[in-house]
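File shown here: input-v9.txt, holding compact mmCIF, all heavy atoms.
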# COMPACT_ATOMS: atom_id res chain seq x y z
N MET A 1 -14.41 -3.58 3.13
CA MET A 1 -13.04 -3.98 3.44
C MET A 1 -12.10 -2.78 3.37
O MET A 1 -12.25 -1.96 2.48
CB MET A 1 -12.57 -5.05 2.43
CG MET A 1 -12.05 -6.30 3.12
SD MET A 1 -11.48 -7.51 1.93
CE MET A 1 -13.01 -8.33 1.56
N PRO A 2 -11.19 -2.70 4.27
CA PRO A 2 -10.29 -1.54 4.26
C PRO A 2 -9.32 -1.58 3.09
O PRO A 2 -8.96 -2.63 2.59
CB PRO A 2 -9.54 -1.66 5.58
CG PRO A 2 -9.65 -3.09 5.98
CD PRO A 2 -10.94 -3.59 5.40
N THR A 3 -8.94 -0.41 2.72
CA THR A 3 -7.99 -0.25 1.63
C THR A 3 -6.65 0.21 2.18
O THR A 3 -6.60 1.10 3.01
CB THR A 3 -8.50 0.79 0.62
OG1 THR A 3 -9.77 0.38 0.16
CG2 THR A 3 -7.56 0.93 -0.55
N TYR A 4 -5.62 -0.43 1.71
CA TYR A 4 -4.29 -0.07 2.16
C TYR A 4 -3.47 0.43 0.98
O TYR A 4 -3.39 -0.22 -0.05
CB TYR A 4 -3.59 -1.27 2.79
CG TYR A 4 -4.36 -1.84 3.96
CD1 TYR A 4 -5.21 -2.91 3.80
CD2 TYR A 4 -4.23 -1.26 5.22
CE1 TYR A 4 -5.93 -3.42 4.86
CE2 TYR A 4 -4.95 -1.76 6.29
CZ TYR A 4 -5.80 -2.84 6.11
OH TYR A 4 -6.52 -3.32 7.15
N GLU A 5 -2.86 1.57 1.18
CA GLU A 5 -2.04 2.13 0.13
C GLU A 5 -0.57 1.98 0.50
O GLU A 5 -0.17 2.25 1.62
CB GLU A 5 -2.38 3.60 -0.06
CG GLU A 5 -3.77 3.81 -0.61
CD GLU A 5 -4.00 5.25 -1.00
OE1 GLU A 5 -3.08 5.90 -1.50
OE2 GLU A 5 -5.12 5.72 -0.78
N TYR A 6 0.17 1.54 -0.48
CA TYR A 6 1.59 1.33 -0.26
C TYR A 6 2.40 2.09 -1.29
O TYR A 6 1.95 2.36 -2.39
CB TYR A 6 1.93 -0.16 -0.38
CG TYR A 6 1.35 -1.02 0.72
CD1 TYR A 6 0.07 -1.55 0.60
CD2 TYR A 6 2.09 -1.29 1.86
CE1 TYR A 6 -0.46 -2.34 1.60
CE2 TYR A 6 1.57 -2.08 2.87
CZ TYR A 6 0.29 -2.60 2.73
OH TYR A 6 -0.24 -3.38 3.72
N THR A 7 3.62 2.40 -0.90
CA THR A 7 4.58 2.95 -1.84
C THR A 7 5.83 2.08 -1.80
O THR A 7 6.36 1.79 -0.73
CB THR A 7 4.95 4.39 -1.46
OG1 THR A 7 3.77 5.19 -1.44
CG2 THR A 7 5.92 4.98 -2.48
N CYS A 8 6.26 1.66 -2.96
CA CYS A 8 7.48 0.87 -3.05
C CYS A 8 8.67 1.81 -2.94
O CYS A 8 8.77 2.77 -3.69
CB CYS A 8 7.51 0.10 -4.37
SG CYS A 8 9.05 -0.78 -4.63
N THR A 9 9.56 1.49 -2.02
CA THR A 9 10.73 2.35 -1.85
C THR A 9 11.80 2.05 -2.88
O THR A 9 12.74 2.80 -3.05
CB THR A 9 11.31 2.21 -0.44
OG1 THR A 9 11.66 0.84 -0.22
CG2 THR A 9 10.31 2.66 0.60
N ALA A 10 11.66 0.93 -3.57
CA ALA A 10 12.66 0.56 -4.57
C ALA A 10 12.41 1.25 -5.90
O ALA A 10 13.30 1.81 -6.50
CB ALA A 10 12.68 -0.95 -4.74
N CYS A 11 11.16 1.19 -6.37
CA CYS A 11 10.87 1.76 -7.68
C CYS A 11 9.86 2.91 -7.59
O CYS A 11 9.44 3.44 -8.61
CB CYS A 11 10.35 0.68 -8.63
SG CYS A 11 8.70 0.07 -8.23
N LYS A 12 9.46 3.25 -6.39
CA LYS A 12 8.57 4.39 -6.14
C LYS A 12 7.15 4.19 -6.64
O LYS A 12 6.37 5.13 -6.72
CB LYS A 12 9.12 5.70 -6.76
CG LYS A 12 10.55 5.99 -6.39
CD LYS A 12 10.72 6.18 -4.90
CE LYS A 12 12.15 6.56 -4.57
NZ LYS A 12 12.40 6.58 -3.12
N LYS A 13 6.82 2.98 -6.97
CA LYS A 13 5.46 2.72 -7.43
C LYS A 13 4.49 2.77 -6.26
O LYS A 13 4.76 2.25 -5.19
CB LYS A 13 5.37 1.37 -8.13
CG LYS A 13 3.96 1.07 -8.61
CD LYS A 13 3.91 -0.16 -9.47
CE LYS A 13 2.49 -0.47 -9.91
NZ LYS A 13 1.89 0.66 -10.68
N LYS A 14 3.35 3.40 -6.51
CA LYS A 14 2.30 3.42 -5.51
C LYS A 14 1.23 2.43 -5.92
O LYS A 14 0.82 2.39 -7.09
CB LYS A 14 1.69 4.83 -5.41
CG LYS A 14 2.70 5.84 -4.90
CD LYS A 14 2.11 7.24 -4.96
CE LYS A 14 3.14 8.28 -4.52
NZ LYS A 14 2.62 9.65 -4.66
N PHE A 15 0.79 1.63 -4.97
CA PHE A 15 -0.24 0.66 -5.29
C PHE A 15 -1.17 0.49 -4.10
O PHE A 15 -0.84 0.83 -2.97
CB PHE A 15 0.37 -0.68 -5.71
CG PHE A 15 1.30 -1.29 -4.69
CD1 PHE A 15 0.86 -2.29 -3.84
CD2 PHE A 15 2.62 -0.86 -4.60
CE1 PHE A 15 1.72 -2.86 -2.91
CE2 PHE A 15 3.48 -1.42 -3.67
CZ PHE A 15 3.03 -2.42 -2.82
N THR A 16 -2.34 -0.01 -4.39
CA THR A 16 -3.38 -0.14 -3.38
C THR A 16 -3.78 -1.59 -3.24
O THR A 16 -3.95 -2.30 -4.23
CB THR A 16 -4.60 0.69 -3.77
OG1 THR A 16 -4.21 2.04 -3.96
CG2 THR A 16 -5.67 0.62 -2.69
N LEU A 17 -3.93 -2.03 -2.02
CA LEU A 17 -4.38 -3.38 -1.75
C LEU A 17 -5.64 -3.33 -0.90
O LEU A 17 -5.76 -2.52 0.00
CB LEU A 17 -3.30 -4.19 -1.03
CG LEU A 17 -1.99 -4.42 -1.78
CD1 LEU A 17 -1.01 -5.18 -0.89
CD2 LEU A 17 -2.22 -5.19 -3.06
N ILE A 18 -6.57 -4.19 -1.24
CA ILE A 18 -7.80 -4.29 -0.46
C ILE A 18 -7.82 -5.65 0.22
O ILE A 18 -7.81 -6.68 -0.44
CB ILE A 18 -9.04 -4.11 -1.35
CG1 ILE A 18 -8.98 -2.75 -2.04
CG2 ILE A 18 -10.31 -4.25 -0.51
CD1 ILE A 18 -10.08 -2.57 -3.07
N MET A 19 -7.81 -5.63 1.52
CA MET A 19 -7.81 -6.89 2.25
C MET A 19 -8.23 -6.63 3.69
O MET A 19 -8.25 -5.51 4.17
CB MET A 19 -6.42 -7.53 2.20
CG MET A 19 -5.30 -6.62 2.65
SD MET A 19 -3.68 -7.32 2.34
CE MET A 19 -2.65 -5.88 2.58
N THR A 20 -8.56 -7.71 4.34
CA THR A 20 -8.96 -7.59 5.73
C THR A 20 -7.75 -7.38 6.62
O THR A 20 -6.61 -7.59 6.22
CB THR A 20 -9.71 -8.84 6.20
OG1 THR A 20 -8.82 -9.95 6.14
CG2 THR A 20 -10.92 -9.11 5.34
N LEU A 21 -8.01 -6.99 7.84
CA LEU A 21 -6.91 -6.73 8.77
C LEU A 21 -6.11 -7.99 9.04
O LEU A 21 -4.88 -7.97 9.11
CB LEU A 21 -7.48 -6.17 10.07
CG LEU A 21 -6.47 -5.48 10.99
CD1 LEU A 21 -5.88 -4.24 10.32
CD2 LEU A 21 -7.15 -5.09 12.30
N SER A 22 -6.80 -9.11 9.16
CA SER A 22 -6.10 -10.36 9.42
C SER A 22 -5.27 -10.79 8.21
O SER A 22 -4.20 -11.36 8.35
CB SER A 22 -7.08 -11.46 9.80
OG SER A 22 -8.05 -11.62 8.79
N GLU A 23 -5.81 -10.52 7.05
CA GLU A 23 -5.04 -10.81 5.84
C GLU A 23 -3.78 -9.98 5.78
O GLU A 23 -2.72 -10.45 5.39
CB GLU A 23 -5.89 -10.54 4.59
CG GLU A 23 -6.76 -11.70 4.17
CD GLU A 23 -7.50 -11.40 2.89
OE1 GLU A 23 -7.95 -10.25 2.73
OE2 GLU A 23 -7.62 -12.28 2.06
N ARG A 24 -3.92 -8.75 6.16
CA ARG A 24 -2.78 -7.85 6.13
C ARG A 24 -1.69 -8.32 7.07
O ARG A 24 -0.50 -8.20 6.81
CB ARG A 24 -3.21 -6.44 6.49
CG ARG A 24 -2.24 -5.39 6.02
CD ARG A 24 -2.32 -4.14 6.85
NE ARG A 24 -1.87 -4.36 8.21
CZ ARG A 24 -1.56 -3.41 9.05
NH1 ARG A 24 -1.69 -2.15 8.70
NH2 ARG A 24 -1.15 -3.67 10.27
N ASP A 25 -2.10 -8.88 8.20
CA ASP A 25 -1.13 -9.35 9.17
C ASP A 25 -0.38 -10.58 8.65
O ASP A 25 0.79 -10.77 8.93
CB ASP A 25 -1.82 -9.69 10.49
CG ASP A 25 -2.23 -8.44 11.24
OD1 ASP A 25 -1.67 -7.36 10.93
OD2 ASP A 25 -3.08 -8.55 12.13
N LYS A 26 -1.10 -11.39 7.89
CA LYS A 26 -0.48 -12.63 7.40
C LYS A 26 0.37 -12.41 6.17
O LYS A 26 1.40 -13.04 5.99
CB LYS A 26 -1.60 -13.65 7.07
CG LYS A 26 -2.10 -14.40 8.28
CD LYS A 26 -3.11 -15.47 7.87
CE LYS A 26 -4.41 -14.87 7.37
NZ LYS A 26 -5.43 -15.91 7.08
N LYS A 27 -0.11 -11.53 5.33
CA LYS A 27 0.53 -11.38 4.04
C LYS A 27 1.85 -10.64 4.12
O LYS A 27 2.03 -9.74 4.92
CB LYS A 27 -0.39 -10.61 3.07
CG LYS A 27 -1.34 -11.52 2.33
CD LYS A 27 -2.10 -10.70 1.29
CE LYS A 27 -3.10 -11.57 0.56
NZ LYS A 27 -3.91 -10.79 -0.37
N ARG A 28 2.74 -11.03 3.23
CA ARG A 28 3.94 -10.25 2.98
C ARG A 28 3.67 -9.42 1.74
O ARG A 28 3.53 -9.95 0.65
CB ARG A 28 5.16 -11.17 2.75
CG ARG A 28 5.61 -11.92 3.99
CD ARG A 28 5.98 -10.92 5.09
NE ARG A 28 6.42 -11.61 6.31
CZ ARG A 28 7.69 -11.79 6.63
NH1 ARG A 28 8.64 -11.36 5.84
NH2 ARG A 28 8.01 -12.38 7.75
N VAL A 29 3.59 -8.15 1.96
CA VAL A 29 3.28 -7.27 0.84
C VAL A 29 4.53 -7.04 -0.01
O VAL A 29 5.59 -6.73 0.51
CB VAL A 29 2.74 -5.92 1.35
CG1 VAL A 29 2.47 -4.97 0.18
CG2 VAL A 29 1.49 -6.14 2.17
N SER A 30 4.36 -7.22 -1.29
CA SER A 30 5.48 -6.96 -2.18
C SER A 30 4.99 -6.10 -3.34
O SER A 30 3.82 -6.11 -3.70
CB SER A 30 6.09 -8.26 -2.70
OG SER A 30 5.13 -9.03 -3.37
N CYS A 31 5.91 -5.38 -3.91
CA CYS A 31 5.59 -4.49 -5.01
C CYS A 31 5.14 -5.26 -6.24
O CYS A 31 5.80 -6.21 -6.64
CB CYS A 31 6.82 -3.64 -5.33
SG CYS A 31 6.64 -2.62 -6.79
N PRO A 32 4.03 -4.87 -6.85
CA PRO A 32 3.54 -5.57 -8.03
C PRO A 32 4.43 -5.35 -9.26
O PRO A 32 4.35 -6.09 -10.22
CB PRO A 32 2.15 -4.99 -8.25
CG PRO A 32 2.19 -3.66 -7.59
CD PRO A 32 3.13 -3.81 -6.41
N ARG A 33 5.24 -4.33 -9.21
CA ARG A 33 6.07 -4.03 -10.38
C ARG A 33 7.44 -4.72 -10.30
O ARG A 33 7.85 -5.41 -11.20
CB ARG A 33 6.26 -2.52 -10.52
CG ARG A 33 7.04 -2.15 -11.77
CD ARG A 33 7.69 -0.80 -11.64
NE ARG A 33 6.86 0.28 -12.16
CZ ARG A 33 7.17 1.56 -12.02
NH1 ARG A 33 8.24 1.92 -11.38
NH2 ARG A 33 6.37 2.49 -12.51
N CYS A 34 8.11 -4.52 -9.17
CA CYS A 34 9.48 -5.03 -9.08
C CYS A 34 9.63 -6.14 -8.04
O CYS A 34 10.72 -6.64 -7.82
CB CYS A 34 10.46 -3.90 -8.77
SG CYS A 34 10.29 -3.22 -7.11
N LYS A 35 8.53 -6.50 -7.42
CA LYS A 35 8.49 -7.60 -6.46
C LYS A 35 9.30 -7.33 -5.19
O LYS A 35 9.56 -8.25 -4.42
CB LYS A 35 8.98 -8.92 -7.09
CG LYS A 35 8.29 -9.27 -8.40
CD LYS A 35 6.80 -9.41 -8.22
CE LYS A 35 6.16 -9.80 -9.56
NZ LYS A 35 4.69 -9.75 -9.47
N SER A 36 9.68 -6.11 -5.00
CA SER A 36 10.44 -5.78 -3.81
C SER A 36 9.54 -5.82 -2.57
O SER A 36 8.36 -5.49 -2.63
CB SER A 36 11.07 -4.40 -3.95
OG SER A 36 11.67 -4.01 -2.74
N ARG A 37 10.12 -6.24 -1.48
CA ARG A 37 9.38 -6.22 -0.22
C ARG A 37 9.57 -4.90 0.52
O ARG A 37 9.03 -4.71 1.60
CB ARG A 37 9.87 -7.37 0.67
CG ARG A 37 9.52 -8.74 0.10
CD ARG A 37 8.23 -9.27 0.72
NE ARG A 37 7.78 -10.50 0.09
CZ ARG A 37 8.24 -11.72 0.38
NH1 ARG A 37 9.17 -11.85 1.30
NH2 ARG A 37 7.78 -12.77 -0.23
N LYS A 38 10.36 -4.04 -0.08
CA LYS A 38 10.64 -2.77 0.57
C LYS A 38 9.52 -1.78 0.26
O LYS A 38 9.67 -0.85 -0.52
CB LYS A 38 11.99 -2.22 0.10
CG LYS A 38 13.16 -3.07 0.59
CD LYS A 38 14.48 -2.46 0.16
CE LYS A 38 15.64 -3.30 0.69
NZ LYS A 38 16.95 -2.77 0.24
N VAL A 39 8.41 -2.01 0.89
CA VAL A 39 7.27 -1.15 0.68
C VAL A 39 6.89 -0.48 2.00
O VAL A 39 7.06 -1.06 3.07
CB VAL A 39 6.06 -1.92 0.11
CG1 VAL A 39 6.40 -2.49 -1.26
CG2 VAL A 39 5.62 -3.01 1.06
N THR A 40 6.40 0.71 1.89
CA THR A 40 5.93 1.41 3.07
C THR A 40 4.44 1.68 2.92
O THR A 40 3.96 2.03 1.85
CB THR A 40 6.67 2.74 3.25
OG1 THR A 40 6.56 3.50 2.05
CG2 THR A 40 8.13 2.50 3.55
N GLN A 41 3.73 1.50 4.01
CA GLN A 41 2.30 1.72 3.95
C GLN A 41 2.01 3.20 4.11
O GLN A 41 2.59 3.89 4.95
CB GLN A 41 1.61 0.93 5.04
CG GLN A 41 0.10 0.98 4.90
CD GLN A 41 -0.58 0.10 5.92
OE1 GLN A 41 0.04 -0.59 6.70
NE2 GLN A 41 -1.89 0.13 5.91
N ARG A 42 1.11 3.67 3.29
CA ARG A 42 0.69 5.06 3.38
C ARG A 42 -0.67 5.10 4.05
O ARG A 42 -1.63 4.51 3.58
CB ARG A 42 0.61 5.69 1.99
CG ARG A 42 1.95 5.69 1.27
CD ARG A 42 1.87 6.47 -0.01
NE ARG A 42 0.90 5.91 -0.94
CZ ARG A 42 0.02 6.64 -1.63
NH1 ARG A 42 -0.03 7.94 -1.48
NH2 ARG A 42 -0.82 6.06 -2.46
N PHE A 43 -0.73 5.81 5.14
CA PHE A 43 -2.00 5.92 5.84
C PHE A 43 -2.76 7.13 5.34
O PHE A 43 -2.28 8.26 5.39
CB PHE A 43 -1.76 6.03 7.35
CG PHE A 43 -1.24 4.76 7.94
CD1 PHE A 43 0.11 4.57 8.13
CD2 PHE A 43 -2.12 3.74 8.28
CE1 PHE A 43 0.59 3.39 8.66
CE2 PHE A 43 -1.64 2.56 8.81
CZ PHE A 43 -0.28 2.37 9.01
N THR A 44 -3.93 6.86 4.84
CA THR A 44 -4.73 7.95 4.31
C THR A 44 -5.98 8.11 5.16
O THR A 44 -6.61 7.14 5.57
CB THR A 44 -5.14 7.66 2.86
OG1 THR A 44 -5.79 6.40 2.80
CG2 THR A 44 -3.92 7.64 1.96
N SER A 45 -6.33 9.32 5.40
CA SER A 45 -7.53 9.58 6.15
C SER A 45 -8.72 9.77 5.21
O SER A 45 -8.56 10.07 4.04
CB SER A 45 -7.35 10.81 7.04
OG SER A 45 -6.79 11.86 6.31
N VAL A 46 -9.88 9.62 5.77
CA VAL A 46 -11.09 9.59 4.95
C VAL A 46 -11.32 10.91 4.24
O VAL A 46 -11.76 10.96 3.11
CB VAL A 46 -12.30 9.24 5.83
CG1 VAL A 46 -13.57 9.15 4.97
CG2 VAL A 46 -12.07 7.93 6.56
N HIS A 47 -11.00 11.99 4.94
CA HIS A 47 -11.31 13.30 4.39
C HIS A 47 -10.22 13.85 3.48
O HIS A 47 -10.32 14.96 3.00
CB HIS A 47 -11.57 14.29 5.52
CG HIS A 47 -10.44 14.38 6.51
ND1 HIS A 47 -9.29 15.09 6.27
CD2 HIS A 47 -10.28 13.79 7.71
CE1 HIS A 47 -8.49 14.95 7.31
NE2 HIS A 47 -9.05 14.16 8.19
N THR A 48 -9.20 13.06 3.26
CA THR A 48 -8.10 13.54 2.42
C THR A 48 -8.50 13.57 0.95
O THR A 48 -9.03 12.61 0.43
CB THR A 48 -6.86 12.64 2.59
OG1 THR A 48 -6.48 12.62 3.95
CG2 THR A 48 -5.70 13.15 1.76
N GLN A 49 -8.21 14.67 0.34
CA GLN A 49 -8.44 14.75 -1.10
C GLN A 49 -7.15 14.44 -1.82
O GLN A 49 -6.13 15.07 -1.60
CB GLN A 49 -8.92 16.15 -1.48
CG GLN A 49 -10.35 16.42 -1.04
CD GLN A 49 -10.88 17.71 -1.64
OE1 GLN A 49 -10.11 18.60 -1.97
NE2 GLN A 49 -12.18 17.80 -1.76
N THR A 50 -7.22 13.47 -2.68
CA THR A 50 -6.01 13.05 -3.39
C THR A 50 -5.92 13.81 -4.71
O THR A 50 -6.57 13.47 -5.69
CB THR A 50 -6.03 11.54 -3.67
OG1 THR A 50 -7.27 11.21 -4.29
CG2 THR A 50 -5.92 10.77 -2.37
N SER A 51 -5.14 14.84 -4.67
CA SER A 51 -4.97 15.62 -5.88
C SER A 51 -3.49 15.82 -6.21
O SER A 51 -3.14 16.59 -7.08
CB SER A 51 -5.63 17.00 -5.72
OG SER A 51 -5.06 17.68 -4.64
N SER A 52 -2.65 15.13 -5.48
CA SER A 52 -1.22 15.29 -5.70
C SER A 52 -0.78 14.57 -6.96
O SER A 52 -1.25 13.48 -7.27
CB SER A 52 -0.44 14.75 -4.50
OG SER A 52 -0.63 13.38 -4.37
N LYS A 53 0.12 15.19 -7.65
CA LYS A 53 0.66 14.57 -8.85
C LYS A 53 2.17 14.37 -8.73
O LYS A 53 2.83 14.12 -9.70
CB LYS A 53 0.36 15.45 -10.07
CG LYS A 53 -1.11 15.49 -10.40
CD LYS A 53 -1.35 16.36 -11.64
CE LYS A 53 -2.83 16.40 -12.00
NZ LYS A 53 -3.09 17.31 -13.11
N SER A 54 2.68 14.55 -7.56
CA SER A 54 4.11 14.47 -7.36
C SER A 54 4.60 13.03 -7.30
O SER A 54 3.88 12.15 -7.01
CB SER A 54 4.52 15.18 -6.07
OG SER A 54 3.85 14.63 -4.99
ZN ZN B 101 8.73 -1.64 -6.75

Just give me the structure of the file as structure tokens.
Amino acid sequence: MPTYEYTCTACKKKFTLIMTLSERDKKRVSCPRCKSRKVTQRFTSVHTQTSSKS
């Protein structure tokens, strides 16, 4: 199943959701911390190394 990474624009929390494409279309993604719907999806490529601490 694909993994989707989101960043909350309200509280800056980054979180990951695992769901199917159809689930993603149906669901309203909200921040797990502040429940804000103001989230942006982060597209990550397979070869990206996640070493950022910013
Ligand atoms: Zn938030």

Point (11.7, -2.1, -4.9), cut-off 3.5 Å, counting all atoms listed in the file, residues as an NGL selection string: :A and (8 or 10 or 34 or 36)

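With only C-alpha atoms as the atoms that count, the residue of A:Ser22, A:Thr16, A:Thr3, A:Thr9 with the shortest distance to Thr40 of chain A is A:Thr9.
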
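Among the candidates A:Phe43, A:Met1, A:Val29, A:Lys38, the residue lying nearest to Phe15 of chain A is A:Val29 (atoms considered: all heavy atoms).
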
What is the distance between atom CZ of Tyr4 of chain A and atom N of Thr20 of chain A, in Å to one decimal? 5.9 Å

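Take the candidates A:Arg28, A:Met19, A:Arg33, A:Glu5 and check each one against ligand ZN 101 (chain B) using all atoms listed in the file; the shortest distance goes to A:Arg33.
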
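The smallest atom-to-atom distance between ligand ZN 101 (chain B) and any of A:Asp25, A:Cys11, A:Arg42, A:Pro32, using all heavy atoms, is found for A:Cys11.
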
Listed atoms of segment 2-15 of chain A boxed axis-aligned with 3 Å per side, centre + edges as JSON:
{"center_x": 1.1, "center_y": 3.0, "center_z": -1.8, "size_x": 30.5, "size_y": 19.2, "size_z": 23.8}

What does the distance between atom N of Tyr6 of chain A and atom CG of Lys26 of chain A come to in Å, to one decimal place? 18.3 Å
